[in-house]
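Chemist: The structure file data10.cif (mmCIF, C-alpha atoms and all ligand atoms) is provided below.
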data_upload
#
loop_
_atom_site.label_atom_id
_atom_site.label_comp_id
_atom_site.auth_asym_id
_atom_site.auth_seq_id
_atom_site.Cartn_x
_atom_site.Cartn_y
_atom_site.Cartn_z
CA ASN I 1 -11.86 -24.66 -14.10
CA ALA I 2 -13.66 -24.85 -10.74
CA LYS I 3 -10.59 -23.95 -8.68
CA PRO I 4 -11.33 -21.08 -6.27
CA ARG I 5 -9.68 -17.83 -7.37
CA ILE I 6 -7.17 -15.73 -5.48
CA LEU I 7 -6.23 -12.09 -6.04
CA SER I 8 -3.08 -11.04 -4.18
CA LEU I 9 -2.58 -7.43 -3.06
CA ASP I 10 0.84 -6.72 -1.56
CA GLY I 11 2.56 -3.48 -0.59
CA PRO I 12 3.97 -1.45 2.29
CA ALA I 13 1.99 -0.09 5.28
CA GLY I 14 -0.42 2.67 4.31
CA SER I 15 -0.36 2.02 0.56
CA GLY I 16 -4.13 1.43 0.66
CA LYS I 17 -4.29 -2.36 0.50
CA SER I 18 -7.02 -3.09 3.04
CA THR I 19 -9.25 -0.23 1.89
CA VAL I 20 -9.00 -1.28 -1.74
CA ALA I 21 -9.22 -5.03 -0.99
CA GLY I 22 -12.47 -4.45 0.93
CA ILE I 23 -14.10 -2.54 -1.91
CA ILE I 24 -13.01 -5.03 -4.58
CA ALA I 25 -14.19 -8.01 -2.52
CA ARG I 26 -17.65 -6.43 -2.21
CA ARG I 27 -17.78 -5.63 -5.91
CA LEU I 28 -16.73 -9.11 -6.95
CA GLY I 29 -18.75 -10.90 -4.27
CA CYS I 30 -15.86 -12.68 -2.59
CA LEU I 31 -14.07 -12.47 0.78
CA HIS I 32 -11.33 -10.03 1.76
CA ALA I 33 -8.72 -11.96 3.75
CA ASP I 34 -6.56 -9.55 5.81
CA SER I 35 -3.32 -11.43 6.52
CA GLY I 36 -1.88 -8.62 8.70
CA ALA I 37 -4.86 -8.97 11.05
CA ILE I 38 -4.05 -12.67 11.48
CA TYR I 39 -0.46 -11.76 12.42
CA ARG I 40 -1.95 -9.27 14.86
CA SER I 41 -4.23 -11.94 16.39
CA LEU I 42 -1.33 -14.35 16.88
CA THR I 43 0.72 -11.54 18.46
CA TYR I 44 -2.16 -10.79 20.82
CA ALA I 45 -2.47 -14.50 21.69
CA CYS I 46 1.26 -14.67 22.50
CA MET I 47 0.97 -11.54 24.67
CA GLN I 48 -1.87 -13.17 26.63
CA LEU I 49 0.21 -16.29 27.19
CA LEU I 50 3.65 -14.76 27.81
CA GLY I 51 2.69 -11.36 29.19
CA GLU I 52 3.35 -8.04 27.43
CA GLN I 53 6.67 -7.63 29.27
CA ALA I 54 8.20 -4.25 30.04
CA SER I 55 9.34 -3.48 26.50
CA PRO I 56 8.86 -4.93 23.00
CA GLU I 57 12.50 -6.09 23.08
CA GLU I 58 11.89 -7.95 26.34
CA PHE I 59 8.77 -9.49 24.85
CA GLY I 60 10.82 -10.58 21.83
CA ARG I 61 13.37 -12.21 24.11
CA VAL I 62 10.74 -14.17 26.07
CA PHE I 63 8.96 -15.13 22.83
CA LEU I 64 12.15 -16.51 21.28
CA GLU I 65 13.01 -18.35 24.49
CA GLN I 66 9.61 -20.00 24.88
CA THR I 67 8.15 -19.90 21.34
CA PRO I 68 4.65 -21.30 21.94
CA ASP I 69 3.37 -23.67 19.26
CA PRO I 70 1.21 -21.51 16.97
CA HIS I 71 -1.14 -24.47 16.52
CA GLY I 72 -1.68 -24.53 20.30
CA PHE I 73 -3.89 -21.41 20.35
CA ALA I 74 -7.66 -21.74 20.04
CA LEU I 75 -7.65 -19.08 17.33
CA ARG I 76 -10.40 -18.98 14.74
CA VAL I 77 -10.86 -16.64 11.78
CA ASP I 78 -14.40 -16.14 10.54
CA TYR I 79 -16.39 -13.75 8.37
CA ASP I 80 -19.59 -11.89 9.08
CA ASN I 81 -21.10 -9.83 6.28
CA GLY I 82 -17.67 -9.62 4.66
CA LYS I 83 -15.97 -8.49 7.87
CA GLN I 84 -13.04 -10.64 9.05
CA LEU I 85 -13.40 -11.57 12.73
CA HIS I 86 -10.81 -13.13 15.04
CA TYR I 87 -11.74 -15.38 17.97
CA LEU I 88 -9.35 -16.46 20.71
CA ASN I 89 -10.94 -19.05 23.00
CA GLU I 90 -14.23 -18.00 21.37
CA GLU I 91 -13.81 -14.34 22.41
CA GLU I 92 -14.00 -11.96 19.44
CA LEU I 93 -10.90 -9.77 19.66
CA GLY I 94 -12.18 -6.69 17.83
CA LEU I 95 -9.90 -3.68 18.23
CA LYS I 96 -7.67 -5.43 20.79
CA ILE I 97 -5.45 -6.54 17.91
CA ARG I 98 -4.93 -2.93 16.72
CA THR I 99 -3.31 -1.39 19.84
CA PRO I 100 0.13 0.24 19.60
CA SER I 101 1.34 -2.43 22.02
CA VAL I 102 0.46 -5.20 19.53
CA THR I 103 1.94 -3.21 16.63
CA ALA I 104 5.22 -2.77 18.55
CA ARG I 105 5.52 -6.52 19.22
CA ILE I 106 4.28 -7.98 15.93
CA ARG I 107 7.72 -8.05 14.29
CA TYR I 108 8.86 -10.95 16.48
CA ILE I 109 5.89 -13.03 15.40
CA ALA I 110 6.14 -11.95 11.72
CA ASP I 111 9.85 -12.88 11.66
CA HIS I 112 9.21 -16.42 12.91
CA ALA I 113 9.02 -19.23 10.32
CA GLN I 114 6.57 -21.40 12.30
CA TYR I 115 4.22 -18.47 12.74
CA ARG I 116 4.45 -17.44 9.10
CA ASN I 117 3.66 -21.03 8.12
CA ARG I 118 0.64 -21.02 10.42
CA VAL I 119 -0.76 -17.84 8.81
CA ASN I 120 -0.09 -19.21 5.32
CA GLU I 121 -1.84 -22.46 6.21
CA LEU I 122 -4.95 -20.60 7.44
CA LEU I 123 -5.04 -18.52 4.24
CA ARG I 124 -4.59 -21.53 1.96
CA GLU I 125 -7.31 -23.51 3.78
CA LEU I 126 -9.66 -20.60 3.22
CA GLY I 127 -8.53 -20.14 -0.38
CA ALA I 128 -9.24 -23.81 -1.11
CA LYS I 129 -12.88 -23.20 -0.23
CA THR I 130 -13.71 -19.79 -1.63
CA ALA I 131 -12.60 -16.91 -3.86
CA LEU I 132 -10.41 -14.40 -2.00
CA ILE I 133 -8.85 -10.97 -2.22
CA VAL I 134 -5.83 -11.35 0.08
CA ASP I 135 -3.80 -8.37 1.26
CA GLY I 136 -0.37 -8.57 2.86
CA ARG I 137 3.35 -8.46 2.16
CA ASP I 138 4.20 -11.92 0.75
CA ILE I 139 0.88 -13.08 -0.71
CA GLY I 140 1.93 -13.09 -4.39
CA THR I 141 5.45 -14.34 -3.63
CA VAL I 142 5.01 -16.99 -0.91
CA VAL I 143 1.40 -17.72 -0.01
CA PHE I 144 -0.23 -17.93 -3.45
CA PRO I 145 2.67 -17.75 -5.95
CA ASP I 146 0.63 -19.52 -8.65
CA THR I 147 -2.26 -17.09 -8.87
CA PRO I 148 -2.38 -15.14 -12.15
CA PHE I 149 -4.01 -12.17 -10.37
CA LYS I 150 -1.26 -10.23 -8.60
CA PHE I 151 -1.14 -6.55 -7.69
CA TYR I 152 1.35 -4.43 -5.78
CA LEU I 153 0.41 -1.05 -4.30
CA ASP I 154 2.98 1.55 -3.35
CA ALA I 155 3.04 5.20 -2.28
CA ALA I 156 5.61 7.72 -1.09
CA VAL I 157 6.49 7.58 2.63
CA ARG I 158 5.27 11.18 3.09
CA THR I 159 1.89 10.35 1.53
CA ARG I 160 1.48 7.27 3.69
CA ALA I 161 2.37 9.28 6.81
CA GLU I 162 -0.19 11.96 5.87
CA ARG I 163 -2.89 9.30 5.40
CA ARG I 164 -2.09 7.73 8.75
CA ARG I 165 -2.20 11.14 10.46
CA LYS I 166 -5.55 11.96 8.87
CA GLU I 167 -6.95 8.59 9.99
CA LEU I 168 -5.81 9.14 13.58
CA ILE I 169 -7.18 12.68 13.73
CA GLU I 170 -10.52 11.65 12.21
CA SER I 171 -10.94 8.84 14.71
CA GLY I 172 -10.32 11.30 17.56
CA MET I 173 -6.99 9.79 18.56
CA GLU I 174 -3.84 11.66 19.42
CA ALA I 175 -1.67 11.90 16.31
CA PRO I 176 2.13 12.14 16.39
CA SER I 177 3.76 14.76 14.15
CA LEU I 178 4.13 14.05 10.44
CA GLU I 179 7.89 13.66 10.91
CA GLU I 180 7.38 11.11 13.68
CA LEU I 181 4.87 9.17 11.58
CA GLU I 182 7.23 9.21 8.60
CA LYS I 183 9.93 7.76 10.81
CA GLN I 184 7.58 5.01 12.09
CA ILE I 185 6.55 4.10 8.55
CA ALA I 186 10.14 4.07 7.28
CA ASP I 187 11.10 1.80 10.21
CA ARG I 188 8.29 -0.62 9.41
CA ASP I 189 9.24 -0.61 5.69
CA GLU I 190 12.76 -1.49 6.69
CA GLN I 191 11.57 -4.41 8.87
CA ASP I 192 9.12 -5.62 6.23
CA ARG I 193 11.62 -5.46 3.35
CA ASN I 194 14.50 -7.09 5.21
CA ARG I 195 12.92 -10.04 6.97
CA LYS I 196 14.61 -13.32 6.08
CA ILE I 197 11.40 -15.03 5.00
CA GLY I 198 8.21 -13.53 3.67
CA ALA I 199 9.87 -10.17 3.02
CA LEU I 200 7.95 -7.41 1.25
CA GLN I 201 8.87 -7.42 -2.44
CA ILE I 202 7.17 -6.95 -5.77
CA PRO I 203 5.99 -10.39 -6.91
CA PRO I 204 7.20 -11.36 -10.39
CA GLY I 205 4.42 -10.62 -12.83
CA ALA I 206 2.49 -8.34 -10.47
CA ILE I 207 0.77 -5.19 -11.75
CA LEU I 208 2.30 -2.16 -9.99
CA ILE I 209 0.12 0.76 -8.91
CA ASP I 210 1.55 3.89 -7.30
CA THR I 211 -1.28 5.33 -5.20
CA SER I 212 0.59 8.50 -4.09
CA ASN I 213 -1.52 10.80 -6.24
CA ILE I 214 -4.71 8.85 -6.86
CA ASP I 215 -7.67 8.18 -4.62
CA ARG I 216 -9.02 4.78 -3.66
CA ASP I 217 -11.73 4.73 -6.33
CA MET I 218 -9.14 5.19 -9.05
CA VAL I 219 -7.07 2.35 -7.62
CA VAL I 220 -10.16 0.14 -7.55
CA SER I 221 -11.16 0.94 -11.13
CA GLY I 222 -7.57 0.43 -12.27
CA ILE I 223 -7.49 -3.07 -10.77
CA LEU I 224 -10.93 -3.96 -12.13
CA ALA I 225 -9.86 -2.75 -15.60
CA HIS I 226 -6.81 -5.02 -15.47
CA LEU I 227 -8.94 -8.00 -14.50
CA GLN I 228 -11.20 -7.50 -17.54
CA GLU I 229 -13.83 -9.67 -15.91
CA GLN I 230 -11.45 -12.63 -15.91
CA PHE I 231 -11.45 -13.01 -12.13
O1 LIG C 301 -3.83 -1.63 4.30
P1 LIG C 301 -2.81 -0.53 4.14
O2 LIG C 301 -1.96 -0.34 5.37
O3 LIG C 301 -1.97 -0.72 2.91
O4 LIG C 301 -3.56 0.84 3.90
P2 LIG C 301 -5.07 1.25 4.26
O5 LIG C 301 -5.26 1.09 5.72
O6 LIG C 301 -6.03 0.58 3.36
O7 LIG C 301 -5.07 2.78 3.83
C1 LIG C 301 -4.51 3.81 4.63
C2 LIG C 301 -5.31 5.08 4.44
O8 LIG C 301 -5.07 5.64 3.14
C3 LIG C 301 -6.82 4.92 4.56
O9 LIG C 301 -7.31 5.96 5.38
C4 LIG C 301 -7.32 5.10 3.14
O10 LIG C 301 -8.60 5.66 3.09
C5 LIG C 301 -6.29 6.00 2.53
N1 LIG C 301 -6.14 5.84 1.08
C6 LIG C 301 -6.03 6.94 0.28
O11 LIG C 301 -6.08 8.05 0.79
N2 LIG C 301 -5.85 6.84 -1.08
C7 LIG C 301 -5.77 5.64 -1.66
N3 LIG C 301 -5.58 5.54 -2.97
C8 LIG C 301 -5.87 4.50 -0.84
C9 LIG C 301 -6.03 4.64 0.53
O1 LIG C 302 -0.63 -1.66 10.30
P1 LIG C 302 -0.93 -2.07 8.90
O2 LIG C 302 -2.38 -2.17 8.57
O3 LIG C 302 -0.18 -1.30 7.89
O4 LIG C 302 -0.28 -3.50 8.76
P2 LIG C 302 -0.98 -4.91 8.75
O5 LIG C 302 -1.32 -5.23 7.35
O6 LIG C 302 -2.03 -4.98 9.80
O7 LIG C 302 0.23 -5.83 9.14
C1 LIG C 302 0.84 -5.77 10.41
C2 LIG C 302 2.25 -6.31 10.32
O8 LIG C 302 2.19 -7.71 10.02
C3 LIG C 302 3.09 -5.67 9.21
O9 LIG C 302 3.91 -4.65 9.67
C4 LIG C 302 3.95 -6.79 8.72
O10 LIG C 302 5.20 -6.74 9.35
C5 LIG C 302 3.25 -8.07 9.15
N1 LIG C 302 2.72 -8.81 7.98
C6 LIG C 302 3.54 -9.75 7.40
O11 LIG C 302 4.66 -9.95 7.84
N2 LIG C 302 3.08 -10.49 6.34
C7 LIG C 302 1.86 -10.30 5.83
N3 LIG C 302 1.45 -11.04 4.80
C8 LIG C 302 1.03 -9.31 6.41
C9 LIG C 302 1.48 -8.57 7.49
#
Any chance you could give the structure as structure tokens?
Modeler:
Amino acid sequence: NAKPRILSLDGPAGSGKSTVAGIIARRLGCLHADSGAIYRSLTYACMQLLGEQASPEEFGRVFLEQTPDPHGFALRVDYDNGKQLHYLNEEELGLKIRTPSVTARIRYIADHAQYRNRVNELLRELGAKTALIVDGRDIGTVVFPDTPFKFYLDAAVRTRAERRRKELIESGMEAPSLEELEKQIADRDEQDRNRKIGALQIPPGAILIDTSNIDRDMVVSGILAHLQEQF
């Protein structure tokens, strides 16, 4: 069977998906496709076109009123040495897609069917060409429901907030209190679990891994053990 292979890795924010997906992709010699980063790039593109507006709610209102065609953006996803890069009008976006302003506005884009379809189309085009580890929220349920290789990572809200806080502190950024971060994560979980399409859920048949009390290397070896060299 020469069909390119797909491994789906779903779970809530901070469960360790991108870290683990990156390591596994390197080990198995395939690409790590980060679907959240594509949602971020489309959000950034909409902000360039529509303006950031005064508040995320105002941005959401303008976005729903005008809803630019997601195919209309000159957005390109590429890979360099395993790193996923995002180009808008041939400018590489880098960390511009990771600002709090993008994060606060992404929900409007992630809730929109046309935009979800656009992301899914990009991922499937890529998956038709090459083997992928894809991390996201709806990869095993919506984007690649037929893949036999499905995993779901989870961790307690407190643990995920502690990880986020550690990351912020280590990168020299100002970190909100643990309570505040817990609240932000719980809010995002709520949005991700309750969206009408592409909601976060455990895909039928997925292997569940709770990462609350294990480090990334244990998660990686757990997944590799499950694959038993079949991937
Ligand atoms: O992609 P996702 O939002 O699911 O999580 P991530 O960005 O990969 O991981 C969030 C943080 O948790 C990173 O700093 C990881 O190094 C850390 N992590 C961990 O402490 N233990 C794990 N088993 C997995 C990730
Ligand atoms: O910030 P973090 O790394 O945890 O999240 P991300 O993976 O970069 O995803 C950003 C946002 O995009 C998430 O909060 C989800 O709402 C949305 N997303 C989605 O709706 N579907 C996906 N397959 C991936 C991300």
Chemist: Show me which residues sit within 6 Å of ligand LIG 302 (chain C) when counting only C-alpha atoms and all ligand atoms, and put them as a PyMOL selection string.
Modeler: chain I and resi 13-14+35-37+39+107+110+136-139+188+192
Chemist: With all atoms listed in the file as the atoms that count, which of I:Ile214, I:Ile207, I:Val219, I:Leu49 lies nearest to Leu88 in chain I?
Modeler: I:Leu49
Chemist: Would you please work out which residue, of I:Tyr115, I:Tyr108, I:Tyr152, I:Phe231, is nearest to ligand LIG 301 (chain C) when using all atoms listed in the file?
Modeler: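 Among the listed residues, I:Tyr152 lies closest to ligand LIG 301 (chain C).
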Chemist: List every residue of chain I that has an atom at most 7 Å from any atom of ligand LIG 301 (chain C), giving for each one its closest atom pair and the distance in Å to one decimal, counting only C-alpha atoms and all ligand atoms, sorted by chain and then by ascending residue number, as CSV.
Modeler:
residue,atom,partner,partner_atom,distance
I:Gly11,CA,C:LIG301,O3,6.4
I:Pro12,CA,C:LIG301,O3,6.0
I:Ala13,CA,C:LIG301,O2,4.0
I:Gly14,CA,C:LIG301,O2,3.5
I:Ser15,CA,C:LIG301,O3,4.0
I:Gly16,CA,C:LIG301,O4,3.3
I:Lys17,CA,C:LIG301,O3,3.7
I:Ser18,CA,C:LIG301,O1,3.7
I:Thr19,CA,C:LIG301,O6,3.6
I:Val20,CA,C:LIG301,O6,6.2
I:Arg160,CA,C:LIG301,O8,6.8
I:Arg163,CA,C:LIG301,O8,4.8
I:Arg164,CA,C:LIG301,C2,6.0
I:Glu167,CA,C:LIG301,O9,5.3
I:Thr211,CA,C:LIG301,N3,4.8
I:Ser212,CA,C:LIG301,N3,6.9
I:Ile214,CA,C:LIG301,N3,5.2
I:Asp215,CA,C:LIG301,N3,3.7
I:Arg216,CA,C:LIG301,N3,3.6
I:Val219,CA,C:LIG301,N3,5.8
Chemist: Can you work out the spacing between CA of His32 in chain I and CA of Asp210 in chain I in Å, to one decimal?
Modeler: 21.0 Å
Chemist: Go through I:Gly29, I:Ile197, I:Ala131, I:Leu50 one by one, measure the shortest atom-to-atom distance of each to Asn117 in chain I using only C-alpha atoms, and give the residue with the smallest value.
Modeler: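 So, comparing all the options, the nearest one is I:Ile197.
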Chemist: Using all atoms listed in the file - which residues lie no farther than 10 Å from the point (-2.2, -4.1, 14.4) in the file's frame? Write them as a PyMOL selection string.
Modeler: chain I and resi 36-41+43-44+95-106
Chemist: Quick one: of I:Asn89, I:Gln66, I:Glu162, I:Phe151, who's nearest to Leu224 in chain I, counting all atoms listed in the file?
Modeler: I:Phe151
Chemist: Might I get the box with edges along x, y and z of the file that holds all atoms of range 36-45 of chain I listed there, padded by 3 Å on every side, given as centre and edge lengths in Å to one decimal, as AutoDock Vina command-line options?
Modeler:
--center_x -2.1 --center_y -11.6 --center_z 15.2 --size_x 11.6 --size_y 11.9 --size_z 19.0
Chemist: Could you tell me how far CA of Leu75 in chain I lies from CA of Gly94 in chain I, in Å and to one decimal?
Modeler: 13.2 Å
Chemist: Work out how far CA of Leu153 in chain I is from CA of Arg195 in chain I, in Å to one decimal.
Modeler: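 We find that CA of Arg195 in chain I and CA of Leu153 in chain I lie 19.1 Å from each other.
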Chemist: Considering only C-alpha atoms, can you say which of I:Gly172, I:Gly82, I:Pro145, I:Gly127 comes closest to Pro4 in chain I?
Modeler: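 Distance minimum relative to Pro4 in chain I lands on I:Gly127.
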Chemist: Using all atoms listed in the file, which residue out of I:Arg61, I:His71, I:Arg158, I:Arg193 lies closest to Gln114 in chain I?
Modeler: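 Ranking I:Arg61, I:His71, I:Arg158, I:Arg193 by distance to Gln114 in chain I, first place goes to I:His71.
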Chemist: Can you fill out range 6-31 of chain I with N, CA and C atoms and hand it back as a short mmCIF file (atom, residue, chain, number, x, y, z; two decimals), in the frame of the given file?
Modeler:
data_model
loop_
_atom_site.label_atom_id
_atom_site.label_comp_id
_atom_site.auth_asym_id
_atom_site.auth_seq_id
_atom_site.Cartn_x
_atom_site.Cartn_y
_atom_site.Cartn_z
N ILE I 6 -7.87 -16.56 -6.47
CA ILE I 6 -7.17 -15.73 -5.48
C ILE I 6 -6.64 -14.49 -6.18
N LEU I 7 -6.86 -13.32 -5.57
CA LEU I 7 -6.23 -12.09 -6.04
C LEU I 7 -5.31 -11.61 -4.92
N SER I 8 -4.01 -11.48 -5.22
CA SER I 8 -3.08 -11.04 -4.18
C SER I 8 -2.84 -9.54 -4.29
N LEU I 9 -2.78 -8.87 -3.12
CA LEU I 9 -2.58 -7.43 -3.06
C LEU I 9 -1.50 -7.17 -2.02
N ASP I 10 -0.27 -6.96 -2.48
CA ASP I 10 0.84 -6.72 -1.56
C ASP I 10 1.27 -5.26 -1.62
N GLY I 11 2.04 -4.84 -0.61
CA GLY I 11 2.56 -3.48 -0.59
C GLY I 11 2.88 -3.05 0.83
N PRO I 12 3.57 -1.92 0.96
CA PRO I 12 3.97 -1.45 2.29
C PRO I 12 2.80 -0.88 3.09
N ALA I 13 3.02 -0.64 4.39
CA ALA I 13 1.99 -0.09 5.28
C ALA I 13 1.48 1.25 4.77
N GLY I 14 0.17 1.39 4.70
CA GLY I 14 -0.42 2.67 4.31
C GLY I 14 -0.55 2.88 2.81
N SER I 15 -0.25 1.85 2.02
CA SER I 15 -0.36 2.02 0.56
C SER I 15 -1.80 1.91 0.10
N GLY I 16 -2.70 1.49 1.01
CA GLY I 16 -4.13 1.43 0.66
C GLY I 16 -4.66 0.03 0.42
N LYS I 17 -3.89 -0.98 0.79
CA LYS I 17 -4.29 -2.36 0.50
C LYS I 17 -5.63 -2.75 1.11
N SER I 18 -5.78 -2.56 2.43
CA SER I 18 -7.02 -3.09 3.04
C SER I 18 -8.25 -2.34 2.56
N THR I 19 -8.12 -1.02 2.39
CA THR I 19 -9.25 -0.23 1.89
C THR I 19 -9.70 -0.75 0.52
N VAL I 20 -8.72 -0.86 -0.36
CA VAL I 20 -9.00 -1.28 -1.74
C VAL I 20 -9.47 -2.75 -1.79
N ALA I 21 -8.83 -3.61 -1.01
CA ALA I 21 -9.22 -5.03 -0.99
C ALA I 21 -10.68 -5.18 -0.56
N GLY I 22 -11.09 -4.39 0.44
CA GLY I 22 -12.47 -4.45 0.93
C GLY I 22 -13.47 -4.08 -0.15
N ILE I 23 -13.17 -3.00 -0.88
CA ILE I 23 -14.10 -2.54 -1.91
C ILE I 23 -14.19 -3.57 -3.06
N ILE I 24 -13.02 -4.07 -3.47
CA ILE I 24 -13.01 -5.03 -4.58
C ILE I 24 -13.74 -6.32 -4.20
N ALA I 25 -13.52 -6.77 -2.96
CA ALA I 25 -14.19 -8.01 -2.52
C ALA I 25 -15.71 -7.84 -2.59
N ARG I 26 -16.20 -6.67 -2.15
CA ARG I 26 -17.65 -6.43 -2.21
C ARG I 26 -18.14 -6.40 -3.65
N ARG I 27 -17.38 -5.72 -4.50
CA ARG I 27 -17.78 -5.63 -5.91
C ARG I 27 -17.83 -6.99 -6.58
N LEU I 28 -16.83 -7.83 -6.26
CA LEU I 28 -16.73 -9.11 -6.95
C LEU I 28 -17.45 -10.23 -6.19
N GLY I 29 -18.01 -9.90 -5.04
CA GLY I 29 -18.75 -10.90 -4.27
C GLY I 29 -17.89 -12.01 -3.72
N CYS I 30 -16.68 -11.65 -3.23
CA CYS I 30 -15.86 -12.68 -2.59
C CYS I 30 -15.34 -12.14 -1.26
N LEU I 31 -14.53 -12.91 -0.54
CA LEU I 31 -14.07 -12.47 0.78
C LEU I 31 -12.77 -11.68 0.67
#
